[in-house]
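Only one structure is covered here, and it is reproduced in the block below.
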Amino acid sequence: MKANQNNHVIYIAIADDDKLQRFILNSLIRKDNRFKLLFDATDGQDFVGKLKLCAILPDVCIIDLKMPTMGGIETTACIKKYNSTIKVIGYTSSNDLKEISLMKESGADDVVEKSSVYSLLDHILETCAAV
């Protein structure tokens with residue numbers, strides 16, 4: 001893998017209730033020296049709790065749109081309220097344009113489909129080039 005152009009590691013945090021999806025994201029992020037996984041969470045409430053305890057803030061949060069307890073829309077709003085400079089990427093398999101729109105309105109910088117983890121990581125590299 002080639003190094004990040006800025007020689008800057010991109011710190012990532014994940015919230016997704018799907019155990020397999022978290023495992024795949026974790027595995028690929030940990031194998032790529034351009035990224036550092038700070039933590040993952042099973043839902044938004046778990047995520048916000050971990051974020052508040054984090055010594056290093058994530059550059060990017062990958063937030064599943066649909067989760068129990070606290071979904072992606074509410075989680076994104078909490079992240080942006082906590083620190084508006086953190087980039088939030090909504091991550092969903094939903095085709096519901098209203099939900100996707102609400103995710104963006106809550107502060108998500110972008111919403112991408114769960115079709116390819118590699119595309120997601122490339123997208124993160126592109127959007128964080130100036131970080």
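If you're wondering about the labels, chains in the structure tokens are A, B, ... by order shown, residues count from 1 in each chain, ligands from 1 in order shown.
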Would you mind writing down, as an NGL selection string, each residue of segment 65-127 of chain A that DSSP on the backbone assigns to helix (DSSP H, G or I)? :A and (72-82 or 97-105 or 117-127)
Quick one: contact table of segment 5-61 of chain A to segment 92-95 of chain A, 12 Å max, nearest atom pair and distance in Å to one decimal per residue, counting only C-alpha atoms, chain and number order, as CSV?
```
residue,atom,partner,partner_atom,distance
A:Ala15,CA,A:Thr92,CA,11.4
A:Asp16,CA,A:Thr92,CA,9.6
A:Asp17,CA,A:Thr92,CA,11.4
A:Asp18,CA,A:Thr92,CA,11.1
A:Gln21,CA,A:Thr92,CA,10.9
```
Save out the residues we just selected, C-alpha atoms, as a PDB file, in the first residue's frame.
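Once written, selection_3.pdb looks like this:
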```
ATOM      1  CA  ALA A  15     -20.458   2.887  14.346  1.00  0.00           C
ATOM      2  CA  ASP A  16     -22.294  -0.042  12.785  1.00  0.00           C
ATOM      3  CA  ASP A  17     -24.611  -2.575  14.381  1.00  0.00           C
ATOM      4  CA  ASP A  18     -23.676  -5.220  11.802  1.00  0.00           C
ATOM      5  CA  GLN A  21     -19.510  -5.114   8.510  1.00  0.00           C
TER       6      GLN A  21
END
```
Could you give me, as a Markdown table, every segment 5-99 of chain A residue with an atom at most 8 Å from segment 107-114 of chain A, plus its closest atom pair and distance in Å to one decimal, counting only C-alpha atoms, rows ordered by chain then number?
```
| residue | atom | partner | partner_atom | distance |
| --- | --- | --- | --- | --- |
| A:Thr76 | CA | A:Gly107 | CA | 6.1 |
| A:Ala77 | CA | A:Gly107 | CA | 6.0 |
| A:Lys80 | CA | A:Gly107 | CA | 6.4 |
| A:Lys87 | CA | A:Asp109 | CA | 6.1 |
| A:Val88 | CA | A:Ala108 | CA | 4.9 |
| A:Ile89 | CA | A:Asp110 | CA | 5.0 |
| A:Gly90 | CA | A:Val111 | CA | 4.2 |
| A:Tyr91 | CA | A:Val112 | CA | 5.2 |
| A:Thr92 | CA | A:Glu113 | CA | 5.1 |
| A:Ser93 | CA | A:Lys114 | CA | 5.3 |
| A:Ser94 | CA | A:Glu113 | CA | 7.7 |
```
Just list the residues in segment 1-128 of chain A DSSP gives strand (DSSP E) on the backbone, as a ChimeraX atom specification. /A:10-15,35-41,60-64,87-92,110-113
File dump, residues just selected, N, CA and C atoms, as a tab-separated table (two decimals), in the first residue's frame:
```
chain	number	residue	atom	x	y	z
A	10	ILE	N	-4.78	8.95	8.92
A	10	ILE	CA	-6.18	9.37	9.07
A	10	ILE	C	-6.81	8.53	10.17
A	11	TYR	N	-7.23	9.19	11.23
A	11	TYR	CA	-7.85	8.51	12.36
A	11	TYR	C	-9.33	8.30	12.09
A	12	ILE	N	-9.77	7.06	12.27
A	12	ILE	CA	-11.14	6.67	11.92
A	12	ILE	C	-11.83	6.04	13.12
A	13	ALA	N	-13.12	6.33	13.25
A	13	ALA	CA	-13.98	5.67	14.23
A	13	ALA	C	-15.22	5.17	13.49
A	14	ILE	N	-15.76	4.06	13.93
A	14	ILE	CA	-16.87	3.40	13.23
A	14	ILE	C	-18.03	3.14	14.17
A	15	ALA	N	-19.25	3.34	13.65
A	15	ALA	CA	-20.46	2.89	14.35
A	15	ALA	C	-21.28	2.09	13.35
A	35	PHE	N	-4.24	4.59	7.59
A	35	PHE	CA	-5.36	4.74	8.52
A	35	PHE	C	-5.01	4.20	9.89
A	36	LYS	N	-5.69	4.72	10.90
A	36	LYS	CA	-5.60	4.19	12.26
A	36	LYS	C	-7.01	4.14	12.81
A	37	LEU	N	-7.44	2.95	13.21
A	37	LEU	CA	-8.76	2.80	13.80
A	37	LEU	C	-8.67	3.14	15.28
A	38	LEU	N	-9.43	4.15	15.68
A	38	LEU	CA	-9.45	4.54	17.08
A	38	LEU	C	-10.37	3.65	17.89
A	39	PHE	N	-11.57	3.41	17.35
A	39	PHE	CA	-12.53	2.53	18.02
A	39	PHE	C	-13.68	2.22	17.09
A	40	ASP	N	-14.43	1.19	17.47
A	40	ASP	CA	-15.68	0.92	16.78
A	40	ASP	C	-16.77	0.79	17.84
A	41	ALA	N	-17.99	0.94	17.39
A	41	ALA	CA	-19.14	0.91	18.30
A	41	ALA	C	-20.29	0.18	17.65
A	60	VAL	N	-12.25	11.12	10.73
A	60	VAL	CA	-13.44	10.67	10.00
A	60	VAL	C	-14.20	9.66	10.86
A	61	CYS	N	-15.52	9.81	10.86
A	61	CYS	CA	-16.39	8.83	11.50
A	61	CYS	C	-17.23	8.17	10.40
A	62	ILE	N	-17.23	6.86	10.39
A	62	ILE	CA	-18.07	6.09	9.47
A	62	ILE	C	-19.28	5.66	10.28
A	63	ILE	N	-20.44	6.20	9.92
A	63	ILE	CA	-21.65	6.01	10.72
A	63	ILE	C	-22.73	5.32	9.89
A	64	ASP	N	-23.14	4.16	10.36
A	64	ASP	CA	-24.24	3.44	9.73
A	64	ASP	C	-25.52	4.25	9.91
A	87	LYS	N	-15.12	14.94	10.27
A	87	LYS	CA	-15.87	14.55	9.07
A	87	LYS	C	-16.71	13.32	9.39
A	88	VAL	N	-17.94	13.33	8.92
A	88	VAL	CA	-18.84	12.20	9.12
A	88	VAL	C	-19.27	11.68	7.76
A	89	ILE	N	-19.06	10.38	7.57
A	89	ILE	CA	-19.52	9.73	6.35
A	89	ILE	C	-20.60	8.74	6.75
A	90	GLY	N	-21.81	8.99	6.26
A	90	GLY	CA	-22.89	8.06	6.47
A	90	GLY	C	-22.64	6.85	5.59
A	91	TYR	N	-22.94	5.67	6.13
A	91	TYR	CA	-22.64	4.42	5.44
A	91	TYR	C	-23.91	3.59	5.48
A	92	THR	N	-24.48	3.31	4.31
A	92	THR	CA	-25.80	2.69	4.31
A	92	THR	C	-26.04	1.77	3.13
A	110	ASP	N	-20.99	13.40	3.83
A	110	ASP	CA	-21.35	12.61	2.66
A	110	ASP	C	-22.05	11.35	3.13
A	111	VAL	N	-22.76	10.71	2.23
A	111	VAL	CA	-23.39	9.42	2.49
A	111	VAL	C	-23.02	8.51	1.33
A	112	VAL	N	-22.45	7.35	1.66
A	112	VAL	CA	-22.04	6.41	0.62
A	112	VAL	C	-22.72	5.06	0.86
A	113	GLU	N	-22.83	4.30	-0.22
A	113	GLU	CA	-23.45	2.98	-0.16
A	113	GLU	C	-22.46	1.96	0.41
```
Near Gly71 of chain A, counting only C-alpha atoms, which residues have an atom at most 7 Å away, once you skip same-chain residues fewer than 4 positions from it, shown as a PyMOL selection string? chain A and resi 43-44+65-67+75
So, counting only C-alpha atoms, which residue among A:Leu20, A:Ile86, A:Cys54, A:Leu97 is closest to Thr42 of chain A?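 Among the listed residues, A:Leu20 lies closest to Thr42 of chain A.
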Show me a table, sorted first by chain and then by increasing residue number, of the residues of segment 5-81 of chain A having an atom at most 9 Å from segment 117-131 of chain A, each with its shortest atom pair and the distance in Å to one decimal, counting only C-alpha atoms and written as a Markdown table.
```
| residue | atom | partner | partner_atom | distance |
| --- | --- | --- | --- | --- |
| A:Gln5 | CA | A:Ala129 | CA | 7.5 |
| A:Asn6 | CA | A:Ala129 | CA | 7.1 |
| A:His8 | CA | A:Val131 | CA | 7.8 |
| A:Ile10 | CA | A:Cys128 | CA | 7.5 |
| A:Ile24 | CA | A:Val117 | CA | 7.9 |
| A:Leu25 | CA | A:Val117 | CA | 6.9 |
| A:Leu28 | CA | A:Val117 | CA | 8.2 |
| A:Ile29 | CA | A:Leu121 | CA | 8.1 |
| A:Arg34 | CA | A:Leu125 | CA | 8.5 |
| A:Asp59 | CA | A:Val131 | CA | 7.6 |
| A:Val60 | CA | A:Ile124 | CA | 7.6 |
```
If you keep N, CA and C atoms, can you produce a file of those selected residues as a JSON list (two decimals), in the first residue's frame?
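Below you can see out.json, which holds the result:
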```
[["chain", "number", "residue", "atom", "x", "y", "z"],
["A", 5, "GLN", "N", -0.40, 10.71, 1.00],
["A", 5, "GLN", "CA", 0.37, 11.78, 0.37],
["A", 5, "GLN", "C", 0.88, 12.79, 1.39],
["A", 6, "ASN", "N", 0.15, 13.04, 2.43],
["A", 6, "ASN", "CA", 0.53, 14.04, 3.43],
["A", 6, "ASN", "C", 1.35, 13.44, 4.56],
["A", 8, "HIS", "N", 0.27, 11.76, 6.74],
["A", 8, "HIS", "CA", -0.62, 11.95, 7.87],
["A", 8, "HIS", "C", -1.54, 10.74, 7.97],
["A", 10, "ILE", "N", -4.78, 8.95, 8.92],
["A", 10, "ILE", "CA", -6.18, 9.37, 9.07],
["A", 10, "ILE", "C", -6.81, 8.53, 10.17],
["A", 24, "ILE", "N", -15.14, -6.43, 8.80],
["A", 24, "ILE", "CA", -14.52, -6.14, 7.50],
["A", 24, "ILE", "C", -13.84, -4.78, 7.52],
["A", 25, "LEU", "N", -14.55, -3.76, 8.00],
["A", 25, "LEU", "CA", -13.95, -2.42, 8.08],
["A", 25, "LEU", "C", -12.71, -2.42, 8.97],
["A", 28, "LEU", "N", -9.66, -4.20, 7.21],
["A", 28, "LEU", "CA", -9.04, -3.44, 6.12],
["A", 28, "LEU", "C", -8.36, -2.17, 6.61],
["A", 29, "ILE", "N", -8.97, -1.50, 7.57],
["A", 29, "ILE", "CA", -8.36, -0.28, 8.11],
["A", 29, "ILE", "C", -7.06, -0.61, 8.84],
["A", 34, "ARG", "N", -2.13, 3.93, 6.09],
["A", 34, "ARG", "CA", -2.61, 5.31, 5.94],
["A", 34, "ARG", "C", -3.72, 5.63, 6.94],
["A", 59, "ASP", "N", -10.46, 11.81, 12.61],
["A", 59, "ASP", "CA", -10.58, 12.71, 11.46],
["A", 59, "ASP", "C", -11.90, 12.42, 10.74],
["A", 60, "VAL", "N", -12.25, 11.12, 10.73],
["A", 60, "VAL", "CA", -13.44, 10.67, 10.00],
["A", 60, "VAL", "C", -14.20, 9.66, 10.86]]
```
Using atom CA of Glu74 of chain A and atom CA of Ser106 of chain A as the two end points, give the distance in Å to one decimal. 7.3 Å
Could you state the separation of atom CA of Tyr82 of chain A and atom CA of Leu57 of chain A in Å, given to one decimal place?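 Separating atom CA of Tyr82 of chain A from atom CA of Leu57 of chain A is a distance of 10.5 Å.
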